[in-house]
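S.K.: So I've got this file, coords.tsv, and it contains TSV, C-alpha atoms:
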chain	number	residue	atom	x	y	z
H	4	MET	CA	92.84	46.62	94.81
H	5	ASN	CA	93.56	45.65	98.40
H	6	ARG	CA	91.01	46.20	101.08
H	7	THR	CA	91.95	48.31	104.04
H	8	ALA	CA	90.91	47.98	107.65
H	9	VAL	CA	91.82	49.92	110.76
H	10	GLY	CA	95.56	50.04	111.23
H	11	ALA	CA	96.44	49.26	107.63
H	12	PRO	CA	97.93	52.45	106.20
H	13	LEU	CA	98.23	51.46	102.56
H	14	THR	CA	95.79	50.49	99.90
H	15	THR	CA	96.68	49.95	96.28
H	16	VAL	CA	94.92	51.19	93.19
H	17	ALA	CA	96.00	49.76	89.87
H	18	ALA	CA	94.43	50.34	86.46
H	19	HIS	CA	95.45	51.12	82.89
H	20	GLY	CA	99.12	50.41	83.56
H	21	LEU	CA	99.24	52.77	86.52
H	22	ARG	CA	99.65	51.74	90.12
H	23	VAL	CA	99.53	53.82	93.29
H	24	ASP	CA	100.09	52.65	96.86
H	25	LEU	CA	98.13	55.14	98.88
H	26	PRO	CA	99.36	56.47	102.21
H	27	GLN	CA	96.93	56.85	105.07
H	28	ARG	CA	94.07	59.31	104.48
H	29	TRP	CA	94.75	59.48	100.73
H	30	GLU	CA	92.21	58.16	98.27
H	31	ALA	CA	92.24	57.75	94.51
H	32	ARG	CA	90.03	57.57	91.47
H	33	VAL	CA	91.23	56.41	88.06
H	34	TYR	CA	89.23	56.80	84.88
H	35	LEU	CA	89.58	56.90	81.14
H	36	ARG	CA	88.54	59.96	79.24
H	37	ASP	CA	85.53	58.90	77.25
H	38	ALA	CA	84.18	59.72	73.82
H	39	THR	CA	83.11	63.13	75.08
H	40	ALA	CA	86.75	64.20	75.13
H	41	GLY	CA	87.53	66.93	72.69
H	42	GLU	CA	89.27	66.19	69.41
H	43	SER	CA	92.59	67.40	70.72
H	44	GLU	CA	92.28	65.28	73.87
H	45	SER	CA	93.37	61.70	74.26
H	46	ILE	CA	91.28	58.96	75.84
H	47	ASN	CA	94.15	58.07	78.10
H	48	PRO	CA	93.76	57.55	81.86
H	49	VAL	CA	93.49	60.24	84.47
H	50	VAL	CA	94.39	59.60	88.11
H	51	HIS	CA	92.99	61.81	90.84
H	52	LEU	CA	94.41	61.63	94.34
H	53	GLY	CA	93.43	63.57	97.44
H	54	ASN	CA	93.76	63.52	101.21
H	55	PHE	CA	90.06	64.38	101.41
H	56	ALA	CA	86.80	62.92	100.14
H	57	LEU	CA	86.96	63.21	96.36
H	58	PRO	CA	83.51	64.03	94.97
H	59	PRO	CA	82.07	61.87	92.16
H	60	ARG	CA	81.98	64.65	89.57
H	61	ARG	CA	85.33	66.19	88.75
H	62	GLY	CA	87.04	67.73	85.78
H	63	ASP	CA	90.37	66.36	84.57
H	64	TYR	CA	92.20	69.08	86.49
H	65	GLY	CA	90.12	68.78	89.62
H	66	SER	CA	87.28	71.24	89.13
H	67	GLY	CA	84.53	70.01	91.42
H	68	ALA	CA	87.11	68.72	93.90
H	69	VAL	CA	89.25	71.78	94.57
H	70	GLU	CA	86.15	73.71	95.61
H	71	VAL	CA	85.59	71.38	98.58
H	72	MET	CA	89.25	71.36	99.66
H	73	ARG	CA	90.21	72.83	103.01
H	74	ALA	CA	93.47	74.44	104.09
H	75	ALA	CA	95.18	71.16	105.05
H	76	HIS	CA	94.09	69.31	101.90
H	77	ALA	CA	96.00	68.50	98.74
H	78	PHE	CA	94.88	67.30	95.33
H	79	ILE	CA	96.94	65.57	92.65
H	80	ALA	CA	95.94	64.99	89.03
H	81	LEU	CA	98.04	62.75	86.84
H	82	VAL	CA	96.77	63.22	83.30
H	83	GLU	CA	98.20	61.02	80.57
H	84	PHE	CA	98.68	62.42	77.07
H	85	GLY	CA	99.01	60.52	73.80
H	86	ALA	CA	101.99	58.77	72.27
H	87	ALA	CA	102.15	61.57	69.69
H	88	GLU	CA	103.52	63.84	72.41
H	89	LEU	CA	106.48	61.57	73.05
H	90	ASP	CA	109.84	63.22	72.33
H	91	THR	CA	108.27	66.67	72.13
H	92	PRO	CA	110.11	69.38	74.12
H	93	LEU	CA	107.16	69.86	76.48
H	94	PHE	CA	107.52	66.29	77.74
H	95	ALA	CA	111.33	66.18	77.70
H	96	ALA	CA	111.64	65.81	81.49
H	97	GLN	CA	112.05	62.19	82.52
H	98	GLY	CA	110.46	60.68	85.62
H	99	VAL	CA	107.66	61.71	87.96
H	100	PRO	CA	108.53	65.20	89.25
H	101	ARG	CA	108.85	65.97	92.96
H	102	PRO	CA	107.70	69.57	93.35
H	103	ASN	CA	109.13	71.88	95.99
H	104	VAL	CA	107.20	74.47	97.98
H	105	VAL	CA	108.67	77.26	95.84
H	106	ASP	CA	107.17	75.66	92.72
H	107	PHE	CA	103.65	76.45	93.92
H	108	ALA	CA	101.85	79.69	93.17
H	109	PRO	CA	98.26	80.92	92.92
H	110	ASN	CA	98.72	81.84	89.27
H	111	ALA	CA	99.46	78.21	88.43
H	112	LEU	CA	95.94	77.17	89.41
H	113	GLN	CA	93.58	76.01	86.70
H	114	ARG	CA	90.73	77.31	88.83
H	115	ARG	CA	91.88	80.12	91.07
H	116	LEU	CA	90.42	79.84	94.57
H	117	PRO	CA	91.35	81.94	97.62
H	118	GLY	CA	94.34	80.61	99.56
H	119	GLN	CA	95.11	77.74	97.21
H	120	LEU	CA	98.41	77.17	95.41
H	121	GLY	CA	99.08	75.12	92.30
H	122	MET	CA	101.85	73.72	90.15
H	123	GLN	CA	101.97	71.92	86.82
H	124	ARG	CA	104.75	69.87	85.21
H	125	PHE	CA	104.89	67.79	82.04
H	126	PHE	CA	107.07	64.70	81.94
H	127	THR	CA	107.65	61.29	80.41
H	128	GLU	CA	107.80	58.07	82.40
H	129	ASN	CA	108.44	54.67	80.83
H	130	GLY	CA	107.62	55.99	77.37
H	131	ARG	CA	104.30	57.52	78.47
H	132	THR	CA	103.64	61.25	78.59
H	133	PHE	CA	101.91	62.90	81.54
H	134	CYS	CA	100.95	66.16	83.12
H	135	LEU	CA	101.29	66.36	86.89
H	136	TYR	CA	99.01	68.98	88.40
H	137	VAL	CA	99.00	69.57	92.16
H	138	VAL	CA	96.83	71.88	94.26
H	139	LEU	CA	97.61	72.73	97.89
H	140	GLY	CA	94.85	73.98	100.15
H	141	SER	CA	96.92	76.78	101.67
H	142	ALA	CA	100.37	78.28	102.00
H	143	ARG	CA	100.15	77.75	105.76
H	144	PHE	CA	100.32	73.98	105.39
H	145	ALA	CA	102.38	74.00	102.19
H	146	ALA	CA	105.53	72.38	103.61
H	147	GLN	CA	103.59	69.57	105.26
H	148	LEU	CA	101.40	69.04	102.19
H	149	VAL	CA	104.36	68.93	99.81
H	150	GLY	CA	105.81	66.20	102.04
H	151	GLU	CA	102.55	64.26	101.71
H	152	VAL	CA	102.52	64.81	97.95
H	153	HIS	CA	106.07	63.43	97.70
H	154	ASP	CA	104.99	60.42	99.74
H	155	VAL	CA	102.21	59.75	97.23
H	156	LEU	CA	104.39	60.36	94.16
H	157	ASP	CA	107.07	58.04	95.59
H	158	HIS	CA	104.50	55.27	95.33
H	159	VAL	CA	103.34	55.90	91.76
H	160	ALA	CA	104.41	53.23	89.29
H	161	VAL	CA	103.95	53.60	85.52
H	162	GLU	CA	104.14	50.50	83.33
H	163	SER	CA	105.34	50.87	79.76
H	164	ARG	CA	102.76	50.42	77.02
Q	4	MET	CA	140.31	116.42	144.16
Q	5	THR	CA	136.85	116.38	145.74
Q	6	ILE	CA	135.28	117.31	142.42
Q	7	LEU	CA	137.12	114.44	140.69
Q	8	VAL	CA	135.88	111.96	143.30
Q	9	LEU	CA	132.33	113.28	142.86
Q	10	ILE	CA	132.51	112.90	139.06
Q	11	GLU	CA	133.86	109.35	139.38
Q	12	THR	CA	131.09	108.51	141.85
Q	13	VAL	CA	128.42	109.81	139.46
Q	14	LEU	CA	129.96	107.90	136.55
Q	15	LEU	CA	130.10	104.75	138.66
Q	16	ALA	CA	126.45	105.17	139.61
Q	17	VAL	CA	125.44	105.63	135.95
Q	18	LEU	CA	127.45	102.59	134.89
Q	19	THR	CA	125.89	100.56	137.71
Q	20	VAL	CA	122.41	101.50	136.49
Q	21	LEU	CA	123.34	100.62	132.90
Q	22	VAL	CA	124.82	97.24	133.88
Q	23	ALA	CA	121.77	96.48	136.06
Q	24	GLY	CA	119.50	97.34	133.13
Q	25	LEU	CA	121.46	95.12	130.77
Q	26	LEU	CA	121.45	92.25	133.26
Q	27	ARG	CA	117.69	92.66	133.71
Q	28	ALA	CA	117.11	92.63	129.93
Q	29	TYR	CA	119.35	89.57	129.60
Q	30	GLY	CA	117.39	87.86	132.37
Q	31	THR	CA	114.13	88.64	130.60
Q	32	VAL	CA	115.46	87.16	127.34
Q	33	LEU	CA	116.62	84.01	129.14
Q	34	ARG	CA	113.27	83.64	130.91
Q	35	ARG	CA	111.37	84.00	127.63
Q	36	LEU	CA	113.64	81.46	125.94
Q	37	HIS	CA	113.07	79.09	128.83
Q	38	GLU	CA	109.33	79.53	128.50
Q	39	ILE	CA	109.49	78.72	124.80
Q	40	ASP	CA	111.70	75.65	125.40
Q	41	SER	CA	109.64	74.19	128.21
Q	42	GLY	CA	106.27	75.22	126.83
Q	43	THR	CA	105.27	76.78	130.12
Q	44	THR	CA	104.54	80.35	130.88
Q	45	SER	CA	103.62	82.22	133.96
Q	46	GLY	CA	101.89	84.97	132.04
Q	47	PRO	CA	98.94	84.92	129.67
Q	48	ARG	CA	99.08	82.37	126.80
Q	49	GLN	CA	100.54	83.69	123.59
Q	50	PHE	CA	98.52	81.47	121.20
Q	51	ASP	CA	94.93	81.34	120.09
Q	52	LEU	CA	92.75	78.60	121.40
Q	53	GLN	CA	91.26	76.59	118.55
Q	54	PRO	CA	87.80	75.10	118.93
Q	55	THR	CA	88.06	71.41	119.71
Q	56	PRO	CA	85.98	69.18	117.45
Q	57	VAL	CA	83.19	67.68	119.47
Q	58	ARG	CA	82.89	63.95	119.04
Q	59	ARG	CA	80.85	61.52	121.05
Q	60	PRO	CA	82.23	58.17	122.16
Q	61	VAL	CA	81.71	55.37	119.69
Q	62	ASP	CA	79.45	52.52	120.78
Q	63	PRO	CA	81.71	49.50	121.40
Q	64	GLU	CA	78.82	47.27	120.28
Q	65	PHE	CA	79.71	48.07	116.69
Q	66	GLY	CA	82.83	46.84	114.97
Q	67	PRO	CA	85.60	48.40	112.89
Q	68	ALA	CA	84.84	49.95	109.53
Q	69	HIS	CA	86.65	49.33	106.24
Q	70	ASP	CA	87.67	51.52	103.34
Q	71	ILE	CA	85.68	51.02	100.15
Q	72	THR	CA	87.30	50.03	96.90
Q	73	GLY	CA	85.34	49.31	93.76
Q	74	GLU	CA	84.16	50.68	90.46
Q	75	THR	CA	81.61	53.28	89.46
Q	76	LEU	CA	78.98	52.77	86.78
Q	77	ASP	CA	81.20	54.79	84.43
Q	78	GLY	CA	84.08	52.37	84.95
Q	79	GLU	CA	86.05	54.63	87.25
Q	80	ILE	CA	88.31	52.69	89.63
Q	81	VAL	CA	87.73	54.02	93.12
Q	82	SER	CA	89.49	53.77	96.45
Q	83	THR	CA	87.62	55.80	99.04
Q	84	ARG	CA	88.77	56.36	102.60
Q	85	VAL	CA	86.28	55.67	105.32
Q	86	VAL	CA	88.72	54.78	108.09
Q	87	GLY	CA	91.05	57.26	109.81
Q	88	VAL	CA	89.72	60.36	108.05
Q	89	GLU	CA	88.20	63.58	109.34
Q	90	HIS	CA	84.82	63.06	107.67
Q	91	ASP	CA	82.13	60.55	108.63
Q	92	THR	CA	80.56	58.31	105.98
Q	93	LEU	CA	77.05	57.06	105.45
Q	94	LEU	CA	77.07	53.84	103.44
Q	95	LEU	CA	73.88	52.79	101.68
Q	96	PHE	CA	74.06	49.18	100.54
Q	97	LEU	CA	71.42	48.99	97.82
Q	98	SER	CA	70.52	46.66	94.96
Q	99	SER	CA	68.90	47.28	91.62
Q	100	GLY	CA	66.31	44.56	92.15
Q	101	CYS	CA	65.02	44.74	95.71
Q	102	VAL	CA	61.56	46.28	96.05
Q	103	THR	CA	62.36	48.35	99.14
Q	104	CYS	CA	65.47	49.73	97.46
Q	105	GLU	CA	63.25	51.35	94.82
Q	106	THR	CA	62.05	53.79	97.46
Q	107	PHE	CA	65.64	54.59	98.43
Q	108	TRP	CA	66.71	55.15	94.81
Q	109	ALA	CA	63.70	57.40	94.25
Q	110	GLU	CA	64.44	59.42	97.39
Q	111	LEU	CA	68.09	59.78	96.38
Q	112	GLY	CA	66.92	61.41	93.18
Q	113	MET	CA	64.76	63.99	94.92
Q	114	PRO	CA	66.50	67.34	95.42
Q	115	GLY	CA	66.85	68.10	99.11
Q	116	ALA	CA	65.54	64.69	100.15
Q	117	ILE	CA	68.84	63.65	101.73
Q	118	GLN	CA	69.87	65.38	104.93
Q	119	LEU	CA	73.29	64.62	106.35
Q	120	PRO	CA	75.23	65.96	109.32
Q	121	SER	CA	77.90	68.46	108.40
Q	122	GLY	CA	80.98	66.88	106.84
Q	123	THR	CA	79.33	63.53	106.21
Q	124	ARG	CA	79.92	61.77	102.91
Q	125	LEU	CA	77.24	59.62	101.29
Q	126	LEU	CA	78.32	56.50	99.40
Q	127	VAL	CA	75.83	54.19	97.73
Q	128	VAL	CA	77.34	50.71	97.49
Q	129	PRO	CA	75.72	48.07	95.28
Q	130	GLN	CA	77.53	44.78	94.68
Q	131	SER	CA	80.11	44.46	91.91
Q	132	ALA	CA	79.17	43.89	88.28
Q	133	ALA	CA	79.63	40.13	88.68
Q	134	ASP	CA	76.83	40.08	91.29
Q	135	GLU	CA	74.70	42.95	90.02
Q	136	SER	CA	73.26	44.34	86.82
Q	137	PRO	CA	75.12	47.57	85.98
Q	138	ASP	CA	72.53	48.33	83.29
Q	139	ASP	CA	69.69	48.14	85.80
Q	140	LEU	CA	71.68	50.18	88.29
Q	141	ALA	CA	72.35	52.83	85.66
Q	142	GLU	CA	68.59	53.18	85.20
Q	143	VAL	CA	67.83	53.73	88.88
Q	144	ALA	CA	70.94	55.55	90.11
Q	145	PRO	CA	70.39	59.32	90.07
Q	146	ALA	CA	73.06	61.51	88.52
Q	147	GLY	CA	75.46	63.10	90.95
Q	148	VAL	CA	75.11	60.39	93.61
Q	149	ASP	CA	78.38	58.65	94.45
Q	150	VAL	CA	77.74	54.99	93.53
Q	151	VAL	CA	80.60	52.51	94.04
Q	152	LEU	CA	80.05	48.87	93.09
Q	153	SER	CA	81.88	46.67	95.58
Q	154	SER	CA	81.08	43.10	96.60
Q	155	ASP	CA	84.18	43.27	98.82
Q	156	ALA	CA	82.50	46.02	100.84
Q	157	TRP	CA	79.40	43.85	101.26
Q	158	ARG	CA	81.61	41.08	102.65
Q	159	ASP	CA	83.66	43.43	104.83
Q	160	TYR	CA	80.56	44.94	106.41
Q	161	GLU	CA	78.75	41.57	106.51
Q	162	VAL	CA	75.71	43.10	104.84
Q	163	PRO	CA	72.74	40.81	105.53
Q	164	GLY	CA	70.71	42.10	102.57
Q	165	SER	CA	69.55	45.27	100.94
Q	166	PRO	CA	68.72	47.91	101.84
Q	167	HIS	CA	71.27	48.18	104.63
Q	168	VAL	CA	72.70	51.35	106.07
Q	169	VAL	CA	75.98	51.83	107.97
Q	170	PHE	CA	77.17	55.06	109.55
Q	171	VAL	CA	80.94	55.23	110.12
Q	172	ASP	CA	82.84	57.56	112.43
Q	173	GLY	CA	85.80	58.63	110.30
Q	174	PRO	CA	88.43	59.57	112.92
Q	175	SER	CA	87.96	56.40	114.98
Q	176	GLY	CA	87.30	54.19	111.97
Q	177	ARG	CA	84.46	52.46	113.77
Q	178	ILE	CA	80.81	51.90	112.96
Q	179	ARG	CA	78.47	54.19	114.91
Q	180	GLY	CA	75.18	52.74	113.78
Q	181	GLU	CA	73.66	50.37	111.25
Q	182	GLY	CA	70.35	48.85	110.26
Q	183	THR	CA	67.64	48.95	107.68
Q	184	GLY	CA	64.28	50.58	107.07
Q	185	GLN	CA	61.47	51.06	104.60
Q	186	SER	CA	62.69	54.40	103.33
Q	187	LEU	CA	65.61	56.78	103.49
Q	188	HIS	CA	63.56	59.11	105.65
Q	189	GLN	CA	62.81	56.34	108.13
Q	190	VAL	CA	66.47	55.33	108.23
Q	191	ALA	CA	67.43	58.95	108.83
Q	192	GLU	CA	65.14	59.05	111.87
Q	193	LEU	CA	66.61	55.81	113.20
Q	194	LEU	CA	70.15	57.07	112.68
Q	195	ALA	CA	69.32	60.36	114.38
Q	196	ARG	CA	67.98	58.49	117.40
Q	197	ALA	CA	70.87	56.02	117.49
Q	198	THR	CA	73.70	58.51	117.07
Q	199	GLY	CA	72.22	61.71	118.46
Q	200	GLU	CA	73.02	63.45	115.17
Q	201	ALA	CA	70.00	65.63	114.43
Q	202	GLY	CA	71.77	66.56	111.20
Q	203	PHE	CA	70.27	63.41	109.64
Q	204	LEU	CA	66.93	65.20	109.83
Q	205	THR	CA	67.87	68.82	109.55
Q	206	GLY	CA	70.95	68.70	107.33
Q	207	SER	CA	74.30	70.34	107.96
Q	208	SER	CA	74.35	73.44	110.06
Q	209	THR	CA	76.39	76.58	109.86
Q	210	PRO	CA	79.74	76.49	111.71
Q	211	LYS	CA	79.41	77.15	115.42
Q	212	SER	CA	81.75	77.23	118.37
Q	213	ALA	CA	82.56	73.91	120.02
Q	214	ARG	CA	80.69	75.03	123.14
Q	215	ASP	CA	77.54	75.84	121.15
Q	216	GLN	CA	77.82	72.58	119.22
Q	217	GLN	CA	78.17	70.62	122.44
Q	218	GLN	CA	75.19	72.33	124.02
Q	219	GLU	CA	73.01	71.86	120.94
Q	220	MET	CA	73.96	68.21	120.55
Q	221	SER	CA	73.21	67.60	124.22
Q	222	VAL	CA	69.74	69.11	123.78
Q	223	ASP	CA	69.24	67.18	120.52
Q	224	ARG	CA	70.17	63.90	122.22
Q	225	GLU	CA	67.72	64.49	125.07
Q	226	LEU	CA	64.92	65.41	122.67
Q	227	LEU	CA	65.62	62.43	120.44
Q	228	ALA	CA	65.75	60.12	123.48
Q	229	ALA	CA	62.32	61.44	124.45
Q	230	GLY	CA	61.01	60.67	120.97
Q	231	ILE	CA	60.78	64.32	119.94
Q	232	LEU	CA	61.98	64.78	116.37
Q	233	PRO	CA	62.41	67.96	114.31
Q	234	GLY	CA	58.97	69.27	113.37
Q	235	ASP	CA	57.29	67.75	116.42
Q	236	PRO	CA	54.45	70.12	117.47
Q	237	ARG	CA	55.52	69.79	121.12
Q	238	LEU	CA	58.63	71.79	120.24
Q	239	TYR	CA	56.55	74.84	119.47
Q	240	GLY	CA	54.09	74.84	122.38
Q	241	SER	CA	50.54	76.05	122.18
Q	242	ASN	CA	49.30	79.43	120.94
Q	243	GLU	CA	46.56	79.49	123.52
If you convert what's in this file into structure tokens, what do you get?
M.R.:
Amino acid sequence: MNRTAVGAPLTTVAAHGLRVDLPQRWEARVYLRDATAGESESINPVVHLGNFALPPRRGDYGSGAVEVMRAAHAFIALVEFGAAELDTPLFAAQGVPRPNVVDFAPNALQRRLPGQLGMQRFFTENGRTFCLYVVLGSARFAAQLVGEVHDVLDHVAVESR
Amino acid sequence: MTILVLIETVLLAVLTVLVAGLLRAYGTVLRRLHEIDSGTTSGPRQFDLQPTPVRRPVDPEFGPAHDITGETLDGEIVSTRVVGVEHDTLLLFLSSGCVTCETFWAELGMPGAIQLPSGTRLLVVPQSAADESPDDLAEVAPAGVDVVLSSDAWRDYEVPGSPHVVFVDGPSGRIRGEGTGQSLHQVAELLARATGEAGFLTGSSTPKSARDQQQEMSVDRELLAAGILPGDPRLYGSNE
């Protein structure tokens, strides 16, 4: 991890074969699901990214964080699934998706909160299977936030296992 | 013949009025477009005024702040933004072993013991696992408190020892106050005096207009400068 001072827009977070160069204002937290994960869940890494102060306690899909989001905030969860999912139809898409504004809708939210929009995509990158889940704080700032989300996703690197 | 001339005259007059009306409407459209292009308007403004966030100047005595990267006690890799963000951050540099820090850890675990100005994030920053005992930290760190182990942060902020407290202004990315104390409560009083943020003693307040915020902060600053803190009996006068 590189330290950041005033005027340095990027900081890098790298762990568990995942690397993200963060644009200004964006922060990240990377963790491994622990033994408390359910039987059907993997203990693979989860990356949380936000352009706001991410709270210490969060669910895999951002519960605990989305509640403190404001209209101009965005949240990204990159949840890795197990190798058993490889080559399944759900994860057939290759490469980190770049969602468009029209991909977002309130009914795609894991936790439905007023004004927020969500989207979810499953994909495979470098032989690793992921779910990308994005929450936007409001439709009003959707275009701007999607641009920021693209900027973050452009700087996500996934190493092969 | 006279009748024909009269009819033509009337028609001409009507057409003149119509053309004048069209030209006037066209002129209005052009004027409005010009107003939109140049951003000026002679009439009333057509947008809502948004309250301007009230921020006091940052003391040049203090230096630039730094983002915090490190690891939590659960092994989560963390990169938190302190610089160039909308929220302010209170950094508590604590250790597992220092005697004074015990008071801070205990206070952190008491519900309602921590008061912070609205929109302020609290980060507790012990040194990294190589310089600290994560097991000891796990025993003293209360659940729900954001603890990020980072020796880099200690170096960046030139922490002289623990406990040490730094308050960072997020938008400017500069330190607004720092120091130490015997307890979290004492530090909160010192920070309130140093920064004029009564929120360190009273907690976050409900949203108010910028004008009200400015007025209240001005009063708070004057009271704090005079050594009058929240709860001071002088605030309530005498019943006699």
S.K.: Taking all atoms listed in the file into account, find every residue of chain Q that has an atom no more than 8 Å from chain H, and write it out as an mmCIF file with C-alpha atoms, in the frame of the given file.
M.R.:
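Final output, saved to part_37.cif:
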data_model
loop_
_atom_site.group_PDB
_atom_site.id
_atom_site.type_symbol
_atom_site.label_atom_id
_atom_site.label_comp_id
_atom_site.auth_asym_id
_atom_site.auth_seq_id
_atom_site.Cartn_x
_atom_site.Cartn_y
_atom_site.Cartn_z
ATOM 1 C CA PRO Q 67 85.600 48.400 112.890
ATOM 2 C CA ALA Q 68 84.840 49.950 109.530
ATOM 3 C CA HIS Q 69 86.650 49.330 106.240
ATOM 4 C CA ASP Q 70 87.670 51.520 103.340
ATOM 5 C CA ILE Q 71 85.680 51.020 100.150
ATOM 6 C CA THR Q 72 87.300 50.030 96.900
ATOM 7 C CA GLY Q 78 84.080 52.370 84.950
ATOM 8 C CA GLU Q 79 86.050 54.630 87.250
ATOM 9 C CA ILE Q 80 88.310 52.690 89.630
ATOM 10 C CA VAL Q 81 87.730 54.020 93.120
ATOM 11 C CA SER Q 82 89.490 53.770 96.450
ATOM 12 C CA THR Q 83 87.620 55.800 99.040
ATOM 13 C CA ARG Q 84 88.770 56.360 102.600
ATOM 14 C CA VAL Q 86 88.720 54.780 108.090
ATOM 15 C CA GLY Q 87 91.050 57.260 109.810
ATOM 16 C CA VAL Q 88 89.720 60.360 108.050
ATOM 17 C CA HIS Q 90 84.820 63.060 107.670
ATOM 18 C CA ARG Q 124 79.920 61.770 102.910
ATOM 19 C CA GLY Q 147 75.460 63.100 90.950
ATOM 20 C CA VAL Q 148 75.110 60.390 93.610
ATOM 21 C CA ASP Q 149 78.380 58.650 94.450
ATOM 22 C CA ASP Q 155 84.180 43.270 98.820
ATOM 23 C CA GLY Q 176 87.300 54.190 111.970
#
S.K.: Excluding Q:Glu142 and any residue of its chain fewer than 4 positions from it, enumerate the residues within 9 Å of it, using only C-alpha atoms, and give them as a PyMOL selection string.
M.R.: chain Q and resi 99+137-138
S.K.: Can you tell me, as a list of chain:residue names, what residues are no more than 7 Å from stretch 133-140 of chain H when counting all atoms listed in the file, ignoring any on the same chain fewer than 5 positions away?
M.R.: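 Contacts, with the query itself left out: H:Met72, H:Arg73, H:Ala74, H:Ala75, H:His76, H:Ala77, H:Phe78, H:Ile79, H:Ala80, H:Leu81, H:Val82, H:Glu83, H:Phe84, H:Gly118, H:Gln119, H:Leu120, H:Gly121, H:Met122, H:Gln123, H:Arg124, H:Phe125, H:Phe126, H:Thr127, H:Ala145, H:Leu148.
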S.K.: Restricting the output to C-alpha atoms, write the selected residues as a PDB file, in the frame of the given file.
M.R.:
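For reference, out_26.pdb as written:
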ATOM      1  CA  MET H  72      89.250  71.360  99.660  1.00  0.00           C
ATOM      2  CA  ARG H  73      90.210  72.830 103.010  1.00  0.00           C
ATOM      3  CA  ALA H  74      93.470  74.440 104.090  1.00  0.00           C
ATOM      4  CA  ALA H  75      95.180  71.160 105.050  1.00  0.00           C
ATOM      5  CA  HIS H  76      94.090  69.310 101.900  1.00  0.00           C
ATOM      6  CA  ALA H  77      96.000  68.500  98.740  1.00  0.00           C
ATOM      7  CA  PHE H  78      94.880  67.300  95.330  1.00  0.00           C
ATOM      8  CA  ILE H  79      96.940  65.570  92.650  1.00  0.00           C
ATOM      9  CA  ALA H  80      95.940  64.990  89.030  1.00  0.00           C
ATOM     10  CA  LEU H  81      98.040  62.750  86.840  1.00  0.00           C
ATOM     11  CA  VAL H  82      96.770  63.220  83.300  1.00  0.00           C
ATOM     12  CA  GLU H  83      98.200  61.020  80.570  1.00  0.00           C
ATOM     13  CA  PHE H  84      98.680  62.420  77.070  1.00  0.00           C
ATOM     14  CA  GLY H 118      94.340  80.610  99.560  1.00  0.00           C
ATOM     15  CA  GLN H 119      95.110  77.740  97.210  1.00  0.00           C
ATOM     16  CA  LEU H 120      98.410  77.170  95.410  1.00  0.00           C
ATOM     17  CA  GLY H 121      99.080  75.120  92.300  1.00  0.00           C
ATOM     18  CA  MET H 122     101.850  73.720  90.150  1.00  0.00           C
ATOM     19  CA  GLN H 123     101.970  71.920  86.820  1.00  0.00           C
ATOM     20  CA  ARG H 124     104.750  69.870  85.210  1.00  0.00           C
ATOM     21  CA  PHE H 125     104.890  67.790  82.040  1.00  0.00           C
ATOM     22  CA  PHE H 126     107.070  64.700  81.940  1.00  0.00           C
ATOM     23  CA  THR H 127     107.650  61.290  80.410  1.00  0.00           C
ATOM     24  CA  ALA H 145     102.380  74.000 102.190  1.00  0.00           C
ATOM     25  CA  LEU H 148     101.400  69.040 102.190  1.00  0.00           C
TER      26      LEU H 148
END
S.K.: Could you jot down the atom CA of Q:Ala23 to atom CA of Q:Met4 separation for me, Å, one decimal place?
M.R.: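 These two atoms are separated by 28.4 Å.
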S.K.: What is the atom CA of H:Val149-atom CA of H:Val104 distance in Å, reported with one decimal?
M.R.: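 Between atom CA of H:Val149 and atom CA of H:Val104 the gap works out to 6.5 Å.
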S.K.: Can you tell me which residues surround H:Leu89 at a distance of at most 8 Å, considering all atoms listed in the file, apart from same-chain residues fewer than 4 positions away, and format the answer as a ChimeraX atom specification?
M.R.: /H:85,94,127,130-132
S.K.: Do you have the atom CA of Q:Ala146-atom CA of Q:Ser186 distance handy?
M.R.: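 Between these atoms lies a distance of 19.4 Å.
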S.K.: Counting all atoms listed in the file, which residue out of Q:Ala109, Q:Ala191, Q:Leu94, Q:Leu25 sits closest to Q:Pro145?
M.R.: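 For Q:Pro145, the nearest of the candidates is Q:Ala109.
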S.K.: Please, what is the axis-aligned box for every listed atom of stretch 108-121 of chain H with 3 Å on each side, as centre and edge lengths in Å to one decimal, as JSON?
M.R.:
{"center_x": 96.1, "center_y": 78.5, "center_z": 93.1, "size_x": 17.4, "size_y": 12.8, "size_z": 18.9}
S.K.: Tell me which of H:Ala86, H:Leu116, H:Gln97, H:Val105 sits closest to H:Ser66, counting all atoms listed in the file.
M.R.: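 With all atoms listed in the file as the atom set, the closest residue is H:Leu116.
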S.K.: So which one's closest to H:Gly67, H:Gln113, H:Pro102, H:Glu162, H:Gln147? Using all atoms listed in the file, please.
M.R.: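 With all atoms listed in the file as the atom set, the closest residue is H:Gln113.
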S.K.: Give the answer as one residue: which of Q:Gly100, Q:Ala28, Q:Leu14, Q:His188 has the shortest atom-to-atom distance to Q:Met113, using all atoms listed in the file?
M.R.: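 Of the candidates, the smallest distance to Q:Met113 is held by Q:His188.
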S.K.: May I have the residues within 10 Å of Q:Trp157 as a VMD selection string, using only C-alpha atoms and disregarding those fewer than 2 positions away in the same chain?
M.R.: chain Q and resid 71 96 128 to 131 152 to 155 159 to 165 167
S.K.: From the options H:Pro92, H:Pro100, H:Gly150, H:Pro117, which residue's atoms come nearest to H:Val69, counting all atoms listed in the file?
M.R.: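 Closest to H:Val69 of all the choices is H:Pro117.
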S.K.: Pick out the residues sitting within 12 Å of Q:Phe65, and hand them over as a list in words; count all atoms listed in the file, and ignore anything fewer than 3 positions along from it in its own chain.
M.R.: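 Once the adjacent positions are removed, what remains is Pro60, Val61, Asp62, Ala68, Tyr160, Val169, Phe170, Val171, Asp172, Ser175, Gly176, Arg177, Ile178, Arg179, Gly180, Glu181, Gly182 and Ala197 of chain Q.
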